[in-house]
$ cat query33.cif   # mmCIF, C-alpha atoms
data_input
#
loop_
_atom_site.label_atom_id
_atom_site.label_comp_id
_atom_site.auth_asym_id
_atom_site.auth_seq_id
_atom_site.Cartn_x
_atom_site.Cartn_y
_atom_site.Cartn_z
CA MET E 1 -16.69 18.58 21.63
CA ASP E 2 -18.32 15.24 22.29
CA PHE E 3 -17.56 12.56 19.75
CA SER E 4 -16.86 8.85 19.54
CA ILE E 5 -14.80 6.67 17.24
CA ARG E 6 -16.01 3.24 16.26
CA ALA E 7 -15.52 0.56 13.61
CA ALA E 8 -17.42 1.25 10.40
CA ASN E 9 -20.25 -1.07 9.39
CA VAL E 10 -22.06 -1.57 6.08
CA ASP E 11 -24.67 1.05 6.96
CA ASP E 12 -21.96 3.72 7.07
CA CYS E 13 -21.14 3.37 3.38
CA LYS E 14 -23.45 6.19 2.31
CA ASP E 15 -21.66 8.61 4.62
CA ILE E 16 -18.23 7.22 3.75
CA ALA E 17 -19.01 7.72 0.03
CA ARG E 18 -20.12 11.30 0.79
CA MET E 19 -16.92 12.06 2.70
CA ILE E 20 -14.70 10.38 0.07
CA MET E 21 -16.17 12.85 -2.42
CA GLU E 22 -15.60 15.78 -0.05
CA LEU E 23 -11.95 14.70 0.39
CA ALA E 24 -11.53 14.32 -3.39
CA GLU E 25 -12.93 17.83 -3.89
CA TYR E 26 -10.40 19.15 -1.35
CA GLU E 27 -7.63 17.33 -3.32
CA LYS E 28 -9.07 18.81 -6.56
CA VAL E 29 -9.61 15.40 -8.14
CA SER E 30 -13.31 14.63 -7.67
CA GLU E 31 -13.67 13.55 -11.31
CA HIS E 32 -11.33 10.62 -10.55
CA VAL E 33 -13.64 9.02 -7.98
CA LYS E 34 -15.23 5.94 -9.53
CA VAL E 35 -16.01 4.01 -6.35
CA THR E 36 -19.71 4.05 -5.38
CA GLN E 37 -21.56 3.35 -2.15
CA LYS E 38 -22.37 -0.12 -3.50
CA ASP E 39 -18.67 -0.79 -4.27
CA LEU E 40 -17.77 0.15 -0.71
CA GLU E 41 -20.43 -2.19 0.67
CA GLN E 42 -19.12 -5.06 -1.46
CA ASP E 43 -15.41 -4.40 -1.08
CA GLY E 44 -15.33 -3.54 2.61
CA PHE E 45 -18.03 -5.63 4.21
CA SER E 46 -18.04 -9.03 2.55
CA LYS E 47 -16.25 -12.19 3.68
CA ASN E 48 -12.74 -11.09 2.64
CA PRO E 49 -12.80 -7.31 2.86
CA PHE E 50 -10.22 -5.26 0.96
CA PHE E 51 -10.28 -2.50 3.55
CA HIS E 52 -11.46 -1.57 7.04
CA GLY E 53 -12.90 1.72 8.25
CA ILE E 54 -13.38 3.73 11.41
CA ILE E 55 -15.91 6.53 11.82
CA ALA E 56 -15.96 9.66 13.98
CA GLU E 57 -19.50 10.32 15.12
CA LEU E 58 -21.38 13.07 16.96
CA PRO E 59 -24.23 12.45 19.39
CA GLU E 60 -27.62 12.95 17.69
CA PRO E 61 -28.38 16.34 19.33
CA GLN E 62 -25.16 17.75 17.82
CA ARG E 63 -25.78 16.72 14.22
CA THR E 64 -24.49 19.11 11.52
CA LYS E 65 -26.67 21.67 9.78
CA ASP E 66 -27.05 19.18 6.90
CA GLY E 67 -28.20 16.54 9.36
CA HIS E 68 -25.03 14.41 9.55
CA THR E 69 -23.73 12.74 12.69
CA LYS E 70 -20.81 11.01 10.93
CA PHE E 71 -18.22 13.72 10.39
CA GLY E 72 -14.89 11.95 9.92
CA TYR E 73 -13.40 8.65 8.85
CA ALA E 74 -10.22 6.73 8.29
CA LEU E 75 -9.97 3.89 5.80
CA TYR E 76 -7.09 1.42 6.03
CA PHE E 77 -5.92 -2.02 4.94
CA PHE E 78 -3.10 -4.41 5.74
CA SER E 79 -0.07 -4.40 3.49
CA TYR E 80 3.28 -6.20 3.57
CA SER E 81 6.86 -5.07 3.79
CA SER E 82 9.33 -7.69 2.56
CA TRP E 83 11.72 -6.28 5.18
CA CYS E 84 9.47 -5.92 8.24
CA GLY E 85 6.40 -8.04 7.59
CA ARG E 86 2.83 -6.98 8.23
CA ALA E 87 2.12 -3.28 7.90
CA VAL E 88 -0.97 -1.08 7.84
CA TYR E 89 -1.67 1.44 5.11
CA MET E 90 -3.97 4.36 5.81
CA GLU E 91 -5.70 5.12 2.52
CA ASP E 92 -7.83 8.06 3.70
CA LEU E 93 -8.06 10.27 6.76
CA TYR E 94 -10.74 12.97 6.69
CA VAL E 95 -12.57 15.28 9.07
CA MET E 96 -15.27 17.65 7.81
CA PRO E 97 -13.83 21.20 7.73
CA GLU E 98 -16.00 22.68 10.50
CA PHE E 99 -14.78 20.00 12.94
CA ARG E 100 -11.06 20.38 12.40
CA GLY E 101 -8.61 21.61 15.01
CA LYS E 102 -10.30 19.66 17.82
CA GLY E 103 -8.12 16.56 17.91
CA VAL E 104 -10.39 14.34 15.80
CA GLY E 105 -7.84 13.67 13.05
CA LYS E 106 -5.24 12.77 15.68
CA ALA E 107 -7.73 10.48 17.42
CA LEU E 108 -8.62 8.70 14.16
CA MET E 109 -5.00 8.21 13.22
CA SER E 110 -4.14 6.99 16.70
CA LYS E 111 -6.95 4.45 16.46
CA VAL E 112 -5.58 3.15 13.14
CA ALA E 113 -2.15 2.81 14.78
CA GLN E 114 -3.68 0.91 17.73
CA LEU E 115 -5.62 -1.42 15.46
CA GLY E 116 -2.57 -1.97 13.28
CA MET E 117 -0.32 -2.77 16.22
CA ALA E 118 -2.97 -5.09 17.69
CA ALA E 119 -2.85 -6.95 14.37
CA GLY E 120 0.94 -7.25 14.57
CA CYS E 121 1.92 -4.41 12.23
CA ASN E 122 5.33 -2.75 12.45
CA GLN E 123 4.63 0.21 10.19
CA LEU E 124 1.82 2.61 9.40
CA ASN E 125 2.27 4.04 5.91
CA PHE E 126 0.27 6.57 3.92
CA THR E 127 0.77 9.19 1.24
CA VAL E 128 0.13 12.90 1.23
CA LEU E 129 0.37 15.56 -1.45
CA HIS E 130 3.52 17.56 -0.87
CA TRP E 131 1.76 20.85 -1.67
CA SER E 132 -0.91 20.21 0.96
CA LYS E 133 1.11 22.05 3.59
CA SER E 134 -1.44 21.91 6.42
CA SER E 135 -1.80 18.12 6.03
CA LEU E 136 1.94 17.56 5.71
CA ASP E 137 2.68 19.75 8.75
CA PHE E 138 0.02 17.93 10.78
CA TYR E 139 1.46 14.50 10.01
CA LEU E 140 5.06 15.52 10.59
CA SER E 141 4.04 17.09 13.92
CA GLN E 142 2.72 13.67 14.93
CA GLY E 143 6.19 12.20 14.57
CA CYS E 144 6.19 10.39 11.23
CA THR E 145 9.05 10.48 8.74
CA ASP E 146 8.77 11.53 5.12
CA VAL E 147 10.39 8.50 3.44
CA THR E 148 10.16 10.18 0.04
CA THR E 149 12.25 13.15 1.19
CA ASN E 150 14.52 11.19 3.55
CA LEU E 151 15.06 7.92 1.66
CA GLY E 152 14.13 8.90 -1.88
CA TYR E 153 11.10 6.65 -2.39
CA HIS E 154 9.02 7.62 -5.42
CA CYS E 155 5.43 6.38 -5.79
CA MET E 156 4.80 4.99 -9.26
CA ARG E 157 1.64 3.80 -10.96
CA CYS E 158 0.59 1.92 -14.07
CA GLU E 159 -3.08 2.20 -15.12
CA GLY E 160 -5.47 2.40 -18.08
CA ASP E 161 -3.92 1.60 -21.47
CA ALA E 162 -0.44 1.29 -19.99
CA LEU E 163 -1.65 -1.45 -17.64
CA LYS E 164 -3.46 -3.21 -20.52
CA ARG E 165 -0.26 -3.18 -22.62
CA LEU E 166 1.82 -4.41 -19.71
CA ALA E 167 -0.55 -7.33 -19.19
CA GLN E 168 -0.18 -8.56 -22.76
CA PRO E 169 1.96 -11.70 -22.70
CA MET K 1 17.86 -18.11 -21.85
CA ASP K 2 15.29 -20.66 -20.72
CA PHE K 3 13.22 -19.72 -17.71
CA THR K 4 9.75 -20.24 -16.24
CA VAL K 5 7.66 -17.93 -14.09
CA ARG K 6 5.40 -19.72 -11.62
CA ALA K 7 3.49 -19.09 -8.40
CA ALA K 8 5.72 -19.50 -5.35
CA THR K 9 5.08 -22.31 -2.86
CA LYS K 10 6.10 -22.39 0.79
CA GLU K 11 9.15 -24.45 -0.19
CA ASP K 12 10.44 -21.35 -2.03
CA CYS K 13 10.59 -19.22 1.13
CA LYS K 14 14.27 -19.82 1.75
CA ASP K 15 15.10 -18.65 -1.80
CA ILE K 16 12.68 -15.71 -1.60
CA TRP K 17 14.29 -14.62 1.67
CA ARG K 18 17.77 -14.95 0.14
CA MET K 19 16.74 -12.71 -2.74
CA ILE K 20 14.98 -10.20 -0.44
CA THR K 21 18.30 -9.75 1.35
CA GLU K 22 20.16 -9.45 -1.99
CA LEU K 23 17.72 -6.75 -3.09
CA ALA K 24 18.13 -4.92 0.24
CA VAL K 25 21.93 -4.97 -0.23
CA TYR K 26 21.45 -3.49 -3.73
CA GLU K 27 19.18 -0.79 -2.21
CA LYS K 28 21.90 -0.08 0.40
CA MET K 29 19.59 -1.03 3.27
CA ALA K 30 20.72 -4.54 4.18
CA ASP K 31 20.31 -3.85 7.92
CA GLN K 32 16.59 -3.15 7.40
CA VAL K 33 15.62 -6.79 6.73
CA LYS K 34 14.00 -8.05 9.93
CA ILE K 35 11.92 -10.95 8.66
CA SER K 36 12.94 -14.60 8.33
CA PRO K 37 12.05 -17.42 5.89
CA GLU K 38 9.66 -18.70 8.60
CA ASP K 39 7.89 -15.32 8.70
CA LEU K 40 7.43 -15.48 4.92
CA GLU K 41 6.00 -18.98 5.20
CA ARG K 42 3.53 -17.95 7.89
CA ASP K 43 2.55 -14.67 6.22
CA GLY K 44 2.33 -15.78 2.62
CA PHE K 45 1.32 -19.41 2.68
CA GLY K 46 -1.11 -19.76 5.59
CA GLN K 47 -4.87 -19.53 5.63
CA ASN K 48 -5.13 -15.77 5.00
CA PRO K 49 -2.01 -14.86 3.02
CA LEU K 50 -0.84 -11.26 3.33
CA PHE K 51 0.94 -11.36 -0.03
CA GLU K 52 1.36 -13.40 -3.20
CA CYS K 53 4.63 -14.21 -4.89
CA LEU K 54 5.91 -15.34 -8.29
CA VAL K 55 9.33 -16.94 -8.68
CA VAL K 56 11.53 -17.47 -11.73
CA GLU K 57 13.25 -20.78 -12.24
CA VAL K 58 16.00 -21.72 -14.69
CA PRO K 59 16.84 -25.28 -15.74
CA GLU K 60 19.45 -27.15 -13.65
CA GLU K 61 22.13 -26.70 -16.33
CA GLN K 62 21.76 -22.90 -16.15
CA LYS K 63 21.87 -22.62 -12.36
CA SER K 64 23.82 -19.78 -10.72
CA THR K 65 27.46 -20.13 -9.65
CA ASP K 66 26.22 -20.83 -6.10
CA GLY K 67 23.89 -23.53 -7.37
CA PHE K 68 20.54 -21.71 -7.29
CA ILE K 69 17.82 -22.40 -9.85
CA VAL K 70 15.38 -19.84 -8.40
CA VAL K 71 16.84 -16.62 -9.75
CA GLY K 72 14.10 -13.97 -9.48
CA TYR K 73 10.84 -13.10 -7.77
CA ALA K 74 7.97 -10.64 -7.63
CA LEU K 75 6.12 -10.11 -4.35
CA TYR K 76 2.81 -8.24 -4.43
CA PHE K 77 -0.43 -7.75 -2.51
CA TYR K 78 -3.87 -6.20 -2.99
CA THR K 79 -4.64 -2.69 -1.84
CA TYR K 80 -7.67 -0.40 -2.05
CA SER K 81 -8.12 3.00 -3.59
CA THR K 82 -11.21 4.93 -2.54
CA TRP K 83 -11.18 6.37 -6.06
CA THR K 84 -10.83 3.23 -8.19
CA GLY K 85 -11.30 0.18 -5.95
CA VAL K 86 -9.01 -2.85 -5.68
CA CYS K 87 -5.41 -2.36 -6.84
CA VAL K 88 -2.18 -4.34 -6.85
CA HIS K 89 0.95 -3.08 -5.09
CA LEU K 90 4.20 -4.57 -6.36
CA GLU K 91 6.36 -4.67 -3.23
CA ASP K 92 9.47 -6.27 -4.78
CA LEU K 93 10.70 -7.18 -8.25
CA TYR K 94 14.16 -8.72 -8.40
CA VAL K 95 16.35 -10.70 -10.78
CA MET K 96 19.81 -11.92 -9.73
CA PRO K 97 22.45 -9.77 -11.48
CA HIS K 98 23.90 -12.60 -13.58
CA PHE K 99 20.46 -13.32 -15.10
CA ARG K 100 19.51 -9.77 -16.05
CA GLY K 101 19.14 -8.60 -19.63
CA ASN K 102 17.20 -11.71 -20.69
CA GLY K 103 13.65 -10.38 -20.35
CA ILE K 104 13.04 -11.98 -16.96
CA GLY K 105 12.15 -8.71 -15.20
CA LYS K 106 9.80 -7.79 -18.06
CA SER K 107 8.18 -11.20 -17.86
CA LEU K 108 7.65 -10.97 -14.09
CA LEU K 109 6.16 -7.48 -14.37
CA SER K 110 3.88 -8.57 -17.19
CA LYS K 111 2.68 -11.56 -15.18
CA VAL K 112 1.83 -9.36 -12.19
CA ALA K 113 -0.07 -7.02 -14.54
CA GLN K 114 -2.02 -9.99 -15.97
CA ILE K 115 -2.97 -11.05 -12.47
CA ALA K 116 -4.05 -7.47 -11.72
CA LYS K 117 -6.26 -7.42 -14.84
CA GLN K 118 -7.77 -10.81 -13.99
CA LYS K 119 -8.76 -9.45 -10.57
CA GLN K 120 -10.15 -6.31 -12.26
CA CYS K 121 -7.63 -4.04 -10.60
CA ALA K 122 -7.52 -0.56 -12.10
CA ARG K 123 -3.94 0.11 -10.94
CA LEU K 124 -0.58 -1.51 -10.42
CA GLN K 125 1.47 0.59 -8.00
CA LEU K 126 5.00 0.38 -6.66
CA CYS K 127 7.77 2.48 -5.12
CA ALA K 128 11.21 3.02 -6.62
CA LEU K 129 14.20 4.78 -5.12
CA GLU K 130 15.11 8.14 -6.64
CA TRP K 131 18.76 7.23 -7.23
CA ASN K 132 17.82 3.86 -8.78
CA THR K 133 17.72 5.21 -12.34
CA PRO K 134 17.83 1.79 -14.08
CA SER K 135 14.68 0.69 -12.19
CA ARG K 136 12.83 4.00 -12.59
CA ASP K 137 13.68 4.05 -16.30
CA PHE K 138 12.52 0.44 -16.67
CA TYR K 139 9.16 1.14 -15.05
CA ALA K 140 8.70 4.42 -16.93
CA TYR K 141 9.48 2.60 -20.19
CA LYS K 142 6.80 0.05 -19.31
CA GLY K 143 4.26 2.85 -18.89
CA ALA K 144 4.35 3.74 -15.18
CA GLN K 145 3.92 7.36 -14.14
CA ASP K 146 6.09 8.79 -11.38
CA LEU K 147 3.42 10.30 -9.12
CA THR K 148 5.99 11.83 -6.79
CA ALA K 149 7.61 13.75 -9.63
CA THR K 150 4.42 14.67 -11.50
CA GLU K 151 1.82 15.17 -8.74
CA GLY K 152 3.85 15.64 -5.57
CA TRP K 153 2.83 12.51 -3.68
CA HIS K 154 5.06 11.72 -0.70
CA MET K 155 5.15 8.49 1.32
CA LEU K 156 5.03 9.05 5.07
CA ARG K 157 5.67 6.44 7.72
CA PHE K 158 5.27 5.75 11.44
CA ASP K 159 7.32 2.86 12.79
CA GLY K 160 9.22 1.84 15.93
CA HIS K 161 8.79 4.34 18.75
CA THR K 162 6.89 6.87 16.61
CA LEU K 163 4.23 4.19 15.95
CA ASP K 164 4.14 3.33 19.67
CA SER K 165 3.69 7.01 20.58
CA LEU K 166 0.93 7.51 18.05
CA ALA K 167 -0.95 4.45 19.30
CA GLN K 168 -0.77 5.75 22.85
CA GLU K 169 -2.25 9.17 22.06
CA ASP K 170 -5.45 9.75 23.96
CA ALA K 171 -8.13 8.42 21.67
CA LYS K 172 -11.85 8.39 22.33
CA GLY K 173 -13.28 5.15 21.13
CA SER K 174 -15.63 2.30 21.80
#
$ encode --input "query33.cif" --output "structure tokens"
Amino acid sequence: MDFSIRAANVDDCKDIARMIMELAEYEKVSEHVKVTQKDLEQDGFSKNPFFHGIIAELPEPQRTKDGHTKFGYALYFFSYSSWCGRAVYMEDLYVMPEFRGKGVGKALMSKVAQLGMAAGCNQLNFTVLHWSKSSLDFYLSQGCTDVTTNLGYHCMRCEGDALKRLAQP
Amino acid sequence: MDFTVRAATKEDCKDIWRMITELAVYEKMADQVKISPEDLERDGFGQNPLFECLVVEVPEEQKSTDGFIVVGYALYFYTYSTWTGVCVHLEDLYVMPHFRGNGIGKSLLSKVAQIAKQKQCARLQLCALEWNTPSRDFYAYKGAQDLTATEGWHMLRFDGHTLDSLAQEDAKGS
């Protein structure tokens, strides 16, 4: 299958928003997605972006039955480990179902690793739902470690009313 | 106990580094600390800082037995959720053992939450070690959900030679 991977630009936000929704539907949480195409344009493509993206794209003649040429993406940002310094966090990795099993996910993730290392990062971190066996198996087969299972790290979150209460002096 | 919470400056990097190593000892991973005070200065106090930091100071007369007046810190940075937008990740929260039980940890956490609200962040996220019951209980008491326990989220990581190998995979790209 012919495809290319390139840096995302502001014109990709419509397709990124579409694929974010598709990924959320797969994770059974589409009602939680509040970010819009406009938010992505503002947050990812202004002077101090909060994230970066890469897109997997088909040549025009091979566009999908719905007319899409952009069929996969990875969204990442730079984080910081107080032990190792600069790190990269992969927020999303997604390939449309009909294009899976052809090495695109691997290629996207590899590109994030390359970009992270070029920026001086020592770690690539991300989270995955433990019950999503095919995703978990894929990532483990690529050589990563499960630091939740191995080291006992639990991901915790404060939001909504709890965050409001916490912020009260 | 008298204390103040303030934004860290680059002059605090030596103290922040000292406390990072103390926290790593507490987490039984002292050999994992690879950065130096100079790295912190470059990464946190240059033109495009990769993190922000708050420190806690006590008055001179309440300094620690080793003579330190900077006795706690919180190190955090901004992240992005494709569901909710900009978030804050609290990387470290630490108070020197002698100064615990005086509301310093609560105060640091609250200050980070205020900053998150000011920046219109929908979430404050962090990681805590499973065996570290005092910390997990503290965060749960302050309203944090344990997403690993309740939803099954696991943190995965590539580093060292696994990161090198991944980066060298054949990748089509422009």
$ closest_atom_pairs --input "query33.cif" --of "chain K" --to "chain E" --cutoff "7 Å" --atoms "all atoms listed in the file" --output "CSV"
residue,atom,partner,partner_atom,distance
K:Ile20,CA,E:Ser82,CA,6.9
K:Gln32,CA,E:Trp83,CA,6.2
K:Val33,CA,E:Trp83,CA,4.2
K:Lys34,CA,E:Cys84,CA,5.3
K:Ile35,CA,E:Cys84,CA,5.6
K:Leu50,CA,E:Tyr80,CA,6.5
K:Phe51,CA,E:Tyr80,CA,6.7
K:Phe77,CA,E:Ser79,CA,6.9
K:Thr79,CA,E:Phe50,CA,6.8
K:Tyr80,CA,E:Phe50,CA,6.3
K:Ser81,CA,E:Glu91,CA,6.9
K:Thr82,CA,E:Val35,CA,6.2
K:Trp83,CA,E:Val33,CA,4.1
K:Thr84,CA,E:Lys34,CA,5.3
K:Gly85,CA,E:Val35,CA,6.1
K:Ser110,CA,E:Ala167,CA,5.0
K:Lys111,CA,E:Ala167,CA,6.7
K:Ala113,CA,E:Ala167,CA,4.7
K:Gln114,CA,E:Ala167,CA,4.4
K:Ala122,CA,E:Glu159,CA,6.0
K:Arg123,CA,E:Glu159,CA,4.8
K:Leu124,CA,E:Cys158,CA,5.1
K:Gln125,CA,E:Arg157,CA,4.4
K:Leu126,CA,E:Met156,CA,5.3
K:Cys127,CA,E:Cys155,CA,4.6
K:Ala128,CA,E:His154,CA,5.2
K:Leu129,CA,E:Tyr153,CA,4.5
K:Glu130,CA,E:Gly152,CA,4.9
K:Lys142,CA,E:Leu166,CA,6.7
K:Gly143,CA,E:Ala162,CA,5.1
K:Ala144,CA,E:Cys158,CA,4.3
K:Gln145,CA,E:Arg157,CA,5.3
K:Asp146,CA,E:Met156,CA,4.5
K:Leu147,CA,E:Met156,CA,5.5
K:Thr148,CA,E:His154,CA,5.4
K:Gly152,CA,E:His130,CA,5.1
K:Trp153,CA,E:Leu129,CA,4.5
K:His154,CA,E:Thr127,CA,5.3
K:Met155,CA,E:Thr127,CA,4.4
K:Leu156,CA,E:Asp146,CA,4.5
K:Arg157,CA,E:Asn125,CA,4.5
K:Phe158,CA,E:Cys144,CA,4.7
K:Asp159,CA,E:Gln123,CA,4.6
K:Gly160,CA,E:Asn122,CA,7.0
K:Thr162,CA,E:Gly143,CA,5.7
K:Leu163,CA,E:Ala113,CA,6.6
K:Leu166,CA,E:Ser110,CA,5.3
K:Ala167,CA,E:Gln114,CA,4.7
K:Glu169,CA,E:Ser110,CA,6.1
K:Asp170,CA,E:Ala107,CA,7.0
K:Ala171,CA,E:Ala107,CA,4.7
K:Lys172,CA,E:Ser4,CA,5.8
K:Gly173,CA,E:Ile5,CA,4.4
K:Ser174,CA,E:Arg6,CA,5.6
$ resolve_selection --input "query33.cif" --expression "the PyMOL selection byres ((chain K and resi 106) around 12)" --output "PyMOL selection string"
(chain E and resi 165-169) or (chain K and resi 5+56+72-74+93-95+100-105+107-113+135+138-139+141-142)
$ resolve_selection --input "query33.cif" --expression "the PyMOL selection byres ((chain K and resi 6-18) around 7)" --output "PDB file with C-alpha atoms, keeping the file's coordinate frame"
ATOM      1  CA  THR K   4       9.750 -20.240 -16.240  1.00  0.00           C
ATOM      2  CA  VAL K   5       7.660 -17.930 -14.090  1.00  0.00           C
ATOM      3  CA  MET K  19      16.740 -12.710  -2.740  1.00  0.00           C
ATOM      4  CA  ILE K  20      14.980 -10.200  -0.440  1.00  0.00           C
ATOM      5  CA  THR K  21      18.300  -9.750   1.350  1.00  0.00           C
ATOM      6  CA  GLU K  22      20.160  -9.450  -1.990  1.00  0.00           C
ATOM      7  CA  SER K  36      12.940 -14.600   8.330  1.00  0.00           C
ATOM      8  CA  PRO K  37      12.050 -17.420   5.890  1.00  0.00           C
ATOM      9  CA  LEU K  40       7.430 -15.480   4.920  1.00  0.00           C
ATOM     10  CA  GLU K  41       6.000 -18.980   5.200  1.00  0.00           C
ATOM     11  CA  PHE K  45       1.320 -19.410   2.680  1.00  0.00           C
ATOM     12  CA  CYS K  53       4.630 -14.210  -4.890  1.00  0.00           C
ATOM     13  CA  LEU K  54       5.910 -15.340  -8.290  1.00  0.00           C
ATOM     14  CA  VAL K  55       9.330 -16.940  -8.680  1.00  0.00           C
ATOM     15  CA  VAL K  56      11.530 -17.470 -11.730  1.00  0.00           C
ATOM     16  CA  VAL K  70      15.380 -19.840  -8.400  1.00  0.00           C
ATOM     17  CA  TYR K  73      10.840 -13.100  -7.770  1.00  0.00           C
TER      18      TYR K  73
END
$ atom_distance --input "query33.cif" --atom1 "atom CA of His68 of chain E" --atom2 "atom CA of Lys14 of chain E"
11.1 Å
$ atom_distance --input "query33.cif" --atom1 "atom CA of Phe138 of chain E" --atom2 "atom CA of Arg100 of chain E"
11.5 Å
$ closest_residue --input "query33.cif" --among "K:Asp66, K:Glu52, K:Asp137, K:Asp2" --to "Leu90 of chain K" --atoms "all atoms listed in the file"
K:Glu52
$ atom_distance --input "query33.cif" --atom1 "atom CA of Leu93 of chain E" --atom2 "atom CA of Gly105 of chain E"
7.2 Å
$ axis_aligned_box --input "query33.cif" --around "segment 5-8 of chain K" --padding-each-side "8 Å" --output "JSON"
{"center_x": 5.6, "center_y": -18.8, "center_z": -9.7, "size_x": 20.2, "size_y": 17.8, "size_z": 24.7}
$ closest_residue --input "query33.cif" --among "K:Phe68, K:Pro97, K:Arg136, K:Lys117" --to "Leu23 of chain K" --atoms "only C-alpha atoms"
K:Pro97
$ closest_residue --input "query33.cif" --among "E:Met96, E:Ala8, E:Leu23, E:Ala119" --to "Thr64 of chain E" --atoms "all atoms listed in the file"
E:Met96
